[in-house]
Amino acid sequence: MSLQDYVNRKYDFLALQSSGTQREKSLGLSLFTADTSGKLCVGIQKLAQRWLLEFLTETGSIVGQPERGCGFMTTVRQGKMRTALNANVAFATSSLAVRRQLVNEEYVGMPDDERIAAVELLGIAFLPGYLSIGIKINSRAGDTRAVIIPVETLP
């Protein structure tokens, strides 16, 4: 992206950043690193970050905003994520709640590449100690962003 991409746009700090080698990348929460004093994001990257933060927030965990978040992480924390069927159902219901919240936040003049169109579940895999969820986020502008969400699970 160039500086021109940020002109007359609202931007977010890039909080969820990939790190690692080409073959192995992990998603970490970091506002700055040893190499940078922080990064900004707009467009599909901003939309993906907004979706992920809402998806990973438990409903009722934000003081004064009891409707924010969804039930996915509550299901995980309660140890109810045992099968692919459990994960699919929890993802589907939580994804709808997150979509509704993002649509409610839209404002006049918001760029289409920051408006949610759909989220597709690409796959779910149970691995030792965590669940890997592959998704594709689609904006109204037609942009897409694939994301892999690693979620720690109870043994």
# chains A, B, ... in the order shown; residues from 1 in each chain; ligands from 1
call {"tool": "select_by_dssp", "arguments": {"residues": "segment 25-119 of chain A", "states": "strand (DSSP E)", "output": "list in words"}}
result
Lys25, Ser26, Leu27, Gly28, Leu29, Leu40, Cys41, Ile116, Ala117, Ala118 and Val119 of chain A
call {"tool": "write_last_selection", "arguments": {"atoms": "N, CA and C atoms", "output": "tab-separated table (two decimals), in the first residue's frame"}}
result
chain	number	residue	atom	x	y	z
A	25	LYS	N	3.75	-19.48	9.75
A	25	LYS	CA	3.43	-18.13	10.22
A	25	LYS	C	2.48	-18.24	11.40
A	26	SER	N	2.68	-17.40	12.37
A	26	SER	CA	1.76	-17.35	13.50
A	26	SER	C	1.19	-15.94	13.58
A	27	LEU	N	-0.02	-15.84	14.11
A	27	LEU	CA	-0.69	-14.57	14.25
A	27	LEU	C	-0.51	-14.11	15.68
A	28	GLY	N	0.04	-12.92	15.84
A	28	GLY	CA	0.28	-12.41	17.18
A	28	GLY	C	-0.31	-11.03	17.37
A	29	LEU	N	-0.59	-10.71	18.63
A	29	LEU	CA	-1.12	-9.40	18.97
A	29	LEU	C	0.05	-8.50	19.30
A	40	LEU	N	-0.21	0.75	10.27
A	40	LEU	CA	-1.60	1.12	10.11
A	40	LEU	C	-2.24	0.20	9.09
A	41	CYS	N	-3.57	0.12	9.13
A	41	CYS	CA	-4.25	-0.67	8.11
A	41	CYS	C	-5.56	-0.01	7.72
A	116	ILE	N	-18.48	-5.52	5.46
A	116	ILE	CA	-18.56	-6.98	5.37
A	116	ILE	C	-19.62	-7.41	4.36
A	117	ALA	N	-19.29	-8.36	3.54
A	117	ALA	CA	-20.26	-8.98	2.63
A	117	ALA	C	-20.56	-10.38	3.13
A	118	ALA	N	-19.51	-11.17	3.35
A	118	ALA	CA	-19.71	-12.55	3.80
A	118	ALA	C	-18.41	-13.09	4.40
A	119	VAL	N	-18.55	-14.14	5.17
A	119	VAL	CA	-17.41	-14.87	5.71
A	119	VAL	C	-17.63	-16.34	5.39
call {"tool": "select_by_dssp", "arguments": {"residues": "segment 65-133 of chain A", "states": "helix (DSSP H, G or I)", "output": "JSON, numbers by chain"}}
result
{"A": [72, 73, 74, 75, 76, 77, 84, 85, 86, 87, 88, 89, 90, 91, 92, 93, 94, 95, 96, 97, 98, 99, 100, 101, 102, 103, 104, 105, 112, 113, 114]}
call {"tool": "closest_atom_pairs", "arguments": {"of": "segment 86-108 of chain A", "to": "segment 62-75 of chain A", "cutoff": "9 Å", "atoms": "only C-alpha atoms", "output": "CSV"}}
result
residue,atom,partner,partner_atom,distance
A:Ala87,CA,A:Phe72,CA,8.6
A:Ala90,CA,A:Phe72,CA,5.7
A:Phe91,CA,A:Phe72,CA,6.5
A:Thr93,CA,A:Gly71,CA,8.1
A:Ser94,CA,A:Cys70,CA,5.3
A:Ser95,CA,A:Cys70,CA,8.0
A:Ala97,CA,A:Cys70,CA,6.2
A:Val98,CA,A:Cys70,CA,6.6
A:Gln101,CA,A:Arg68,CA,7.4
call {"tool": "closest_residue", "arguments": {"among": "A:Leu52, A:Ser139, A:Val76, A:Gly38", "to": "Val103 of chain A", "atoms": "only C-alpha atoms"}}
result
A:Ser139
call {"tool": "atom_distance", "arguments": {"atom1": "atom CA of Asn88 of chain A", "atom2": "atom CA of Thr153 of chain A"}}
result
15.0 Å
call {"tool": "closest_residue", "arguments": {"among": "A:Val42, A:Ala15, A:Ala48, A:Ile148", "to": "Arg99 of chain A", "atoms": "only C-alpha atoms"}}
result
A:Ala48
call {"tool": "closest_residue", "arguments": {"among": "A:Arg82, A:Arg145, A:Arg100, A:Val108", "to": "Leu122 of chain A", "atoms": "only C-alpha atoms"}}
result
A:Arg145
call {"tool": "atom_distance", "arguments": {"atom1": "atom CA of Gly79 of chain A", "atom2": "atom CA of Leu56 of chain A"}}
result
15.6 Å
call {"tool": "residues_around", "arguments": {"residues": "Asp112 of chain A", "least_positions_apart": "3", "cutoff": "7 Å", "atoms": "only C-alpha atoms", "output": "ChimeraX atom specification"}}
result
/A:115,139-141
call {"tool": "decode", "arguments": {"residues": "segment 26-151 of chain A", "atoms": "C-alpha atoms", "output": "compact mmCIF listing (two decimals), in the first residue's frame"}}
result
# COMPACT_ATOMS: atom_id res chain seq x y z
CA SER A 26 1.76 -17.35 13.50
CA LEU A 27 -0.69 -14.57 14.25
CA GLY A 28 0.28 -12.41 17.18
CA LEU A 29 -1.12 -9.40 18.97
CA SER A 30 1.44 -6.62 18.62
CA LEU A 31 1.10 -2.88 18.08
CA PHE A 32 4.82 -2.45 17.41
CA THR A 33 7.93 -4.59 16.99
CA ALA A 34 11.66 -4.13 17.32
CA ASP A 35 11.69 -3.22 13.61
CA THR A 36 8.75 -0.78 13.49
CA SER A 37 7.09 1.79 15.69
CA GLY A 38 3.69 0.54 14.56
CA LYS A 39 1.73 -0.12 11.39
CA LEU A 40 -1.60 1.12 10.11
CA CYS A 41 -4.25 -0.67 8.11
CA VAL A 42 -7.22 0.19 5.92
CA GLY A 43 -9.38 -1.73 3.48
CA ILE A 44 -9.80 -5.49 3.59
CA GLN A 45 -7.01 -5.83 6.16
CA LYS A 46 -8.85 -3.45 8.52
CA LEU A 47 -12.10 -5.36 7.92
CA ALA A 48 -10.42 -8.70 8.65
CA GLN A 49 -8.92 -7.33 11.86
CA ARG A 50 -12.28 -5.90 13.00
CA TRP A 51 -13.97 -9.24 12.28
CA LEU A 52 -11.31 -11.25 14.13
CA LEU A 53 -11.30 -9.02 17.19
CA GLU A 54 -15.09 -9.23 17.44
CA PHE A 55 -15.05 -13.00 16.86
CA LEU A 56 -12.44 -13.57 19.58
CA THR A 57 -14.27 -11.37 22.12
CA GLU A 58 -16.65 -13.16 24.47
CA THR A 59 -20.16 -11.71 24.61
CA GLY A 60 -20.51 -9.49 27.67
CA SER A 61 -16.79 -9.23 28.38
CA ILE A 62 -16.59 -5.51 27.56
CA VAL A 63 -17.88 -3.32 30.38
CA GLY A 64 -20.69 -1.07 29.21
CA GLN A 65 -21.09 -2.95 25.90
CA PRO A 66 -22.79 -6.26 26.81
CA GLU A 67 -23.83 -6.95 23.19
CA ARG A 68 -20.26 -6.89 21.79
CA GLY A 69 -18.52 -10.13 20.86
CA CYS A 70 -19.98 -13.57 20.27
CA GLY A 71 -20.27 -16.96 21.94
CA PHE A 72 -17.45 -18.79 20.15
CA MET A 73 -14.70 -18.30 22.74
CA THR A 74 -17.16 -19.01 25.57
CA THR A 75 -17.87 -22.40 23.97
CA VAL A 76 -14.12 -23.04 23.70
CA ARG A 77 -13.44 -21.91 27.30
CA GLN A 78 -16.20 -24.17 28.63
CA GLY A 79 -14.59 -27.19 26.95
CA LYS A 80 -17.51 -27.81 24.59
CA MET A 81 -15.38 -27.77 21.43
CA ARG A 82 -14.83 -31.50 20.98
CA THR A 83 -15.95 -32.36 17.46
CA ALA A 84 -16.04 -30.81 14.01
CA LEU A 85 -19.83 -30.59 14.34
CA ASN A 86 -19.48 -28.56 17.59
CA ALA A 87 -16.97 -26.27 15.89
CA ASN A 88 -19.09 -25.80 12.76
CA VAL A 89 -22.23 -24.94 14.71
CA ALA A 90 -20.37 -22.56 17.06
CA PHE A 91 -18.64 -20.90 14.10
CA ALA A 92 -21.87 -20.46 12.12
CA THR A 93 -23.85 -18.88 14.96
CA SER A 94 -20.94 -16.70 16.09
CA SER A 95 -20.12 -15.58 12.56
CA LEU A 96 -23.71 -14.38 12.08
CA ALA A 97 -23.55 -12.41 15.35
CA VAL A 98 -20.26 -10.79 14.32
CA ARG A 99 -21.59 -9.92 10.86
CA ARG A 100 -24.65 -8.26 12.41
CA GLN A 101 -22.42 -6.19 14.73
CA LEU A 102 -20.13 -5.07 11.89
CA VAL A 103 -23.10 -4.07 9.73
CA ASN A 104 -24.51 -2.05 12.66
CA GLU A 105 -21.20 -0.13 12.87
CA GLU A 106 -21.29 0.94 9.22
CA TYR A 107 -21.61 4.65 8.51
CA VAL A 108 -22.40 6.82 5.50
CA GLY A 109 -19.32 7.14 3.33
CA MET A 110 -17.62 4.01 4.71
CA PRO A 111 -15.54 2.46 1.90
CA ASP A 112 -16.93 -0.77 0.45
CA ASP A 113 -13.61 -2.54 1.04
CA GLU A 114 -14.19 -2.09 4.80
CA ARG A 115 -17.82 -3.32 4.74
CA ILE A 116 -18.56 -6.98 5.37
CA ALA A 117 -20.26 -8.98 2.63
CA ALA A 118 -19.71 -12.55 3.80
CA VAL A 119 -17.41 -14.87 5.71
CA GLU A 120 -16.73 -18.37 4.41
CA LEU A 121 -15.52 -21.24 6.56
CA LEU A 122 -12.70 -22.88 4.59
CA GLY A 123 -11.90 -25.61 7.09
CA ILE A 124 -11.56 -26.73 10.68
CA ALA A 125 -8.80 -28.95 12.01
CA PHE A 126 -8.30 -30.29 15.52
CA LEU A 127 -4.62 -30.42 16.40
CA PRO A 128 -3.00 -31.27 19.74
CA GLY A 129 -3.90 -28.41 22.09
CA TYR A 130 -5.62 -26.18 19.57
CA LEU A 131 -8.21 -25.79 16.88
CA SER A 132 -7.24 -24.31 13.50
CA ILE A 133 -9.99 -22.46 11.67
CA GLY A 134 -9.52 -21.30 8.08
CA ILE A 135 -11.83 -18.54 6.88
CA LYS A 136 -12.20 -16.16 3.96
CA ILE A 137 -13.55 -12.67 4.60
CA ASN A 138 -15.28 -10.97 1.67
CA SER A 139 -15.85 -7.21 1.49
CA ARG A 140 -18.60 -5.45 -0.45
CA ALA A 141 -15.92 -4.21 -2.86
CA GLY A 142 -15.14 -7.82 -3.79
CA ASP A 143 -11.82 -7.95 -1.92
CA THR A 144 -11.05 -11.11 0.04
CA ARG A 145 -8.67 -12.00 2.85
CA ALA A 146 -7.93 -15.57 3.94
CA VAL A 147 -7.14 -15.97 7.63
CA ILE A 148 -6.14 -18.93 9.77
CA ILE A 149 -7.27 -18.61 13.40
CA PRO A 150 -5.41 -20.78 15.92
CA VAL A 151 -7.51 -21.26 19.05
